[in-house]
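Notes for the one structure printed next.
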Amino acid sequence: MNVNLYTGIDVGTTKICTLVAQELEDGSLQIIGVGIEPSKGLKRGAVVNVEEAARAIAASVDKAQRTAGYEIASAVVSLAGTQVSSINSRGVVGVQGELISAEDVNRASEAARAIAVPYDRQIVHVLPRGFVVDGQEGIRNPVGMHGMRLEMETHIITTSSTALRNLAQCVQICGVEVEGFVLNPIASAEAVLQDTERDMGVAVVDIGGGTADLAIYQEGTVSHTAVLPVGGNHVTADIAHGLRMPTEVAESIKLAHGHTLASEITPGESFMVRLFGEEAPVQVLRSDLVSIIQPRMEEIFSMIMQEIDRVGMLNYLPAGMVLTGGASRLPGVRLLGSQIMGMPVRVAGPTELKGLVDQLNSPAYATSVGLLLWLRKEVEGMAAVQPSQRKGRRREGTDIGKKIQDFIKAILKGMAP
C-alpha cells in the first residue's frame, strides 16, 4: 500500500538525523521513522571523507526505514558549511495580461536569479522577499492583481558546487535521491519561529556542532543569512585542551556540568573526572569548567552580533533572537545571549509534534523537524516534486551497507594501475 511520505535527512557535524513522516487526514504530519547516528566524515558542515560520511548517513537512513517500515526513495537534505553565502537581488518583468499570473511571478523569479554566479558556485535557494506592482511596495502575493510592471525582491543563497555534489553523492550512495537542499537556519525557522516574530523582525540562530547558522526575518520573509565557523565542538575542544582530557570525556562533562555564566553556579561546586595521565578520577571545580565555556560562548555571540550589525539590522529586531541547535541547551545560554546582544532571547525546539517524538522536542532537532515542515510547505505551494515521488512502499530488507561497499570497490578499481 502506498502512503504519502515526507523524509528529511539532517546531515550535521555531530549527528545524522533521518526523519520520516506521513501526512494525516487533517494535513498534519506524524513522525513514523527516526534514525539518529553519530556523524563521521564531516567538518564544519562539509564532507571531508565521502566513505565515512556515506556510512553514517546509511546507518541513519536504515534506522529510519526500520522504524517506519517503509523504504526511503527520496529526501530533502540539510545544508550548512562556511562555503554558504547569500545576496539580495531584484527581478523586473512586464505583466503579459490584465492580471498578474503565477507565470508572471515565475518570470520575475527567473529574472532575479539571473545574477553573475562564479563557475564554482551553485544557487540553492531563491527566496521571495516581497513584490512591487507599478511602484506599490509591500505586496506579499501579487497573483490576481491588476498591474503592468512586476518587481520581485529575492534572497539568493549559493554554495560551493563541489561541496554540494559531495554531499549529494553521500546521500545517493545510500540509494536515496535528493529532492532538494535546505539551509539549516531556514529549516530550523520552520520549526521554532512564530508568525508574529517573522513579521516584526527576528534572528534565528542555530548553534550546531561545527557552525552557528543565522537567518534574519523581516516582514515575514528572509532578509539575510550567514554561516559562522564556530559551534559547540569548539567549546568541547577548549574543555579538552584546558582540562587535558579526551574529547569524548569533555563532551560528556560539558553536557552534565557545563554552564555559560560563572555568576550562576555555586562556589566550590566540583565533580570527578579522569584526566590524561591520571590512573583514577580527580576532582575538578565546576568554576574551572565554566571559565572555559563562558569565553567561547561570549565569542560566538559576539560574532553573531557583528554579522547582524554588518548588514545594519542590529536595531531592527524587536522580536530579538531565537536560539536553537544542540549548543543552545547549555544552562545560562539565554541570559548570556541577552546580555551580549542587548535584545530579547529565547531558546526553542520543535513543538506540537505527533508520533515518535520522545527526544525530538529538543533544540538539537529543530533542523531535522524543520526539513519536514519545509517540504510540506513546498508541496502545498506546488513548488516541490510530484506527489508520486513521495510515495512510500513497504521495506523489503534493502542492504545499504552493500551499496556503499560496491561504491568504494568501484572507486578503488578506478584507481588501480
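By convention in this document, the chains of the C-alpha cells carry letters A, B, ... by their order, each chain's residues are numbered from 1, and ligands are numbered from 1 in the order they are shown.
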### All strand (DSSP E or B) positions in region 143-314 of chain A, as a ChimeraX atom specification
/A:146,149-160,177-183,202-207,212-218,221-228,270-273,282-285
Those residues with C-alpha atoms, as a short mmCIF file (atom, residue, chain, number, x, y, z; two decimals), in the first residue's frame please?
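Here's the written file part.cif:
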```cif
data_model
loop_
_atom_site.label_atom_id
_atom_site.label_comp_id
_atom_site.auth_asym_id
_atom_site.auth_seq_id
_atom_site.Cartn_x
_atom_site.Cartn_y
_atom_site.Cartn_z
CA HIS A 146 -4.00 44.37 -11.81
CA ARG A 149 5.11 46.12 -14.16
CA LEU A 150 6.07 43.46 -11.62
CA GLU A 151 9.20 43.61 -9.47
CA MET A 152 10.27 40.73 -7.24
CA GLU A 153 12.77 41.11 -4.41
CA THR A 154 14.56 37.88 -3.56
CA HIS A 155 17.16 36.48 -1.20
CA ILE A 156 19.52 34.18 -3.08
CA ILE A 157 21.65 31.60 -1.26
CA THR A 158 24.61 29.98 -3.01
CA THR A 159 27.22 27.43 -2.01
CA SER A 160 30.25 25.65 -3.37
CA GLU A 177 17.55 10.61 -4.28
CA VAL A 178 17.99 14.22 -3.14
CA GLU A 179 14.75 16.17 -3.62
CA GLY A 180 16.48 19.39 -2.65
CA PHE A 181 18.71 21.11 -0.11
CA VAL A 182 17.55 23.44 2.66
CA LEU A 183 19.91 25.75 4.53
CA VAL A 202 13.74 38.32 14.40
CA ALA A 203 17.05 36.49 14.10
CA VAL A 204 17.07 32.72 14.36
CA VAL A 205 20.46 31.25 15.27
CA ASP A 206 21.12 27.51 15.05
CA ILE A 207 24.29 26.76 17.03
CA ALA A 212 26.47 28.83 14.01
CA ASP A 213 23.86 29.41 11.30
CA LEU A 214 21.99 32.71 11.14
CA ALA A 215 18.80 33.77 9.37
CA ILE A 216 17.19 37.19 9.79
CA TYR A 217 13.46 37.59 9.10
CA GLN A 218 11.65 40.85 8.47
CA THR A 221 10.43 36.83 4.87
CA VAL A 222 14.17 36.15 4.95
CA SER A 223 16.36 39.22 4.52
CA HIS A 224 19.80 37.83 5.40
CA THR A 225 21.53 34.51 6.05
CA ALA A 226 25.06 33.61 7.11
CA VAL A 227 27.08 30.67 8.40
CA LEU A 228 29.73 31.38 11.05
CA SER A 270 33.02 20.16 41.92
CA PHE A 271 32.80 16.85 40.08
CA MET A 272 35.03 13.82 39.46
CA VAL A 273 36.59 13.12 36.07
CA VAL A 282 40.30 13.54 40.10
CA GLN A 283 38.24 16.38 41.49
CA VAL A 284 37.64 19.36 39.18
CA LEU A 285 35.97 22.60 40.25
#
```
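Among the candidates A:Glu190, A:Glu251, A:Glu25, A:Glu269, the one nearest to His234 (chain A) when counting only C-alpha atoms is A:Glu251.
In the backbone-derived DSSP annotation, helix (DSSP H, G or I) within region 2-108 of chain A comprises Val50, Glu51, Glu52, Ala53, Ala54, Arg55, Ala56, Ile57, Ala58, Ala59, Ser60, Val61, Asp62, Lys63, Ala64, Gln65, Arg66, Thr67, Ala68, Ala102, Glu103, Asp104, Val105, Asn106, Arg107 and Ala108 of chain A.
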Hey, can you spit out that residue selection with C-alpha atoms as a PDB file, in the first residue's frame?
```pdb
ATOM      1  CA  VAL A  50      32.982  10.505   1.461  1.00  0.00           C
ATOM      2  CA  GLU A  51      33.162   6.894   2.658  1.00  0.00           C
ATOM      3  CA  GLU A  52      32.782   7.718   6.362  1.00  0.00           C
ATOM      4  CA  ALA A  53      30.014  10.248   5.718  1.00  0.00           C
ATOM      5  CA  ALA A  54      28.126   7.824   3.473  1.00  0.00           C
ATOM      6  CA  ARG A  55      28.319   5.078   6.089  1.00  0.00           C
ATOM      7  CA  ALA A  56      26.979   7.372   8.807  1.00  0.00           C
ATOM      8  CA  ILE A  57      24.142   8.581   6.568  1.00  0.00           C
ATOM      9  CA  ALA A  58      23.392   4.978   5.552  1.00  0.00           C
ATOM     10  CA  ALA A  59      23.148   3.872   9.177  1.00  0.00           C
ATOM     11  CA  SER A  60      20.776   6.754   9.948  1.00  0.00           C
ATOM     12  CA  VAL A  61      18.621   6.034   6.890  1.00  0.00           C
ATOM     13  CA  ASP A  62      18.497   2.328   7.705  1.00  0.00           C
ATOM     14  CA  LYS A  63      17.316   3.002  11.270  1.00  0.00           C
ATOM     15  CA  ALA A  64      14.598   5.322   9.984  1.00  0.00           C
ATOM     16  CA  GLN A  65      13.478   2.739   7.436  1.00  0.00           C
ATOM     17  CA  ARG A  66      13.285   0.029  10.083  1.00  0.00           C
ATOM     18  CA  THR A  67      11.178   2.098  12.474  1.00  0.00           C
ATOM     19  CA  ALA A  68       8.940   3.423   9.683  1.00  0.00           C
ATOM     20  CA  ALA A 102       1.745  32.718 -11.468  1.00  0.00           C
ATOM     21  CA  GLU A 103       3.665  32.639 -14.754  1.00  0.00           C
ATOM     22  CA  ASP A 104       4.494  36.340 -14.347  1.00  0.00           C
ATOM     23  CA  VAL A 105       5.804  35.609 -10.845  1.00  0.00           C
ATOM     24  CA  ASN A 106       7.937  32.745 -12.191  1.00  0.00           C
ATOM     25  CA  ARG A 107       9.395  35.025 -14.869  1.00  0.00           C
ATOM     26  CA  ALA A 108      10.210  37.643 -12.236  1.00  0.00           C
TER      27      ALA A 108
END
```
Excluding Leu330 (chain A) and residues on its chain fewer than 4 positions from it, collect all residues at most 9 Å away from it, counting only C-alpha atoms, and give them as an mmCIF file with C-alpha atoms, in the first residue's frame.
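Here's the written file selection_27.cif:
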```cif
data_model
loop_
_atom_site.group_PDB
_atom_site.id
_atom_site.type_symbol
_atom_site.label_atom_id
_atom_site.label_comp_id
_atom_site.auth_asym_id
_atom_site.auth_seq_id
_atom_site.Cartn_x
_atom_site.Cartn_y
_atom_site.Cartn_z
ATOM 1 C CA LYS A 254 30.041 19.800 29.158
ATOM 2 C CA LEU A 255 26.539 18.361 28.983
ATOM 3 C CA GLY A 258 28.562 22.861 31.938
ATOM 4 C CA HIS A 259 27.192 26.380 32.353
ATOM 5 C CA THR A 260 27.702 29.617 30.455
ATOM 6 C CA GLY A 326 22.484 21.464 20.258
ATOM 7 C CA ARG A 334 19.666 32.540 27.036
#
```
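Put simply, CA of Ala168 (chain A) is 27.0 Å away from CA of Gly349 (chain A).
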### Within 8 Å of Ala327 (chain A) using only C-alpha atoms, minus same-chain residues under 6 positions, as a PyMOL selection string
chain A and resi 207-209+231-232+364
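Shortest separation to Arg90 (chain A) among A:Arg129, A:Arg121, A:Arg198, A:His241 occurs at residue A:Arg129, atoms counted being only C-alpha atoms.
Distances to Val290 (chain A) were evaluated for A:Ser263, A:Gln96, A:Gln30, A:Ser368 using only C-alpha atoms, and the minimum falls at A:Ser263.
Neighbouring residues of Arg44 (chain A) at 8 Å or closer, counting only C-alpha atoms and skipping chain neighbours under 6 positions away, are Thr13, Ala80, Gly81, Thr82, Gly209, Gly210, Thr211 and Pro229 of chain A.
In this structure, CA of Glu264 (chain A) sits 22.0 Å away from CA of Pro363 (chain A).
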### Message
Neighbouring residues of Leu29 (chain A) were defined as those with any atom within 12 Å, considering only C-alpha atoms; residues of the same chain fewer than 6 positions away were excluded. Please report them as a list in words.
### Response
Asn4, Leu5, Tyr6, Thr7, Leu19, Val20, Ala21, Gln22, Glu23, Glu352, Leu353, Lys354, Gly355, Leu356, Val357, Val369, Gly370, Leu371, Leu372, Leu373, Trp374, Leu375, Arg376 and Lys377 of chain A
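Put simply, CA of Ala240 (chain A) is 23.0 Å away from CA of Ala46 (chain A).
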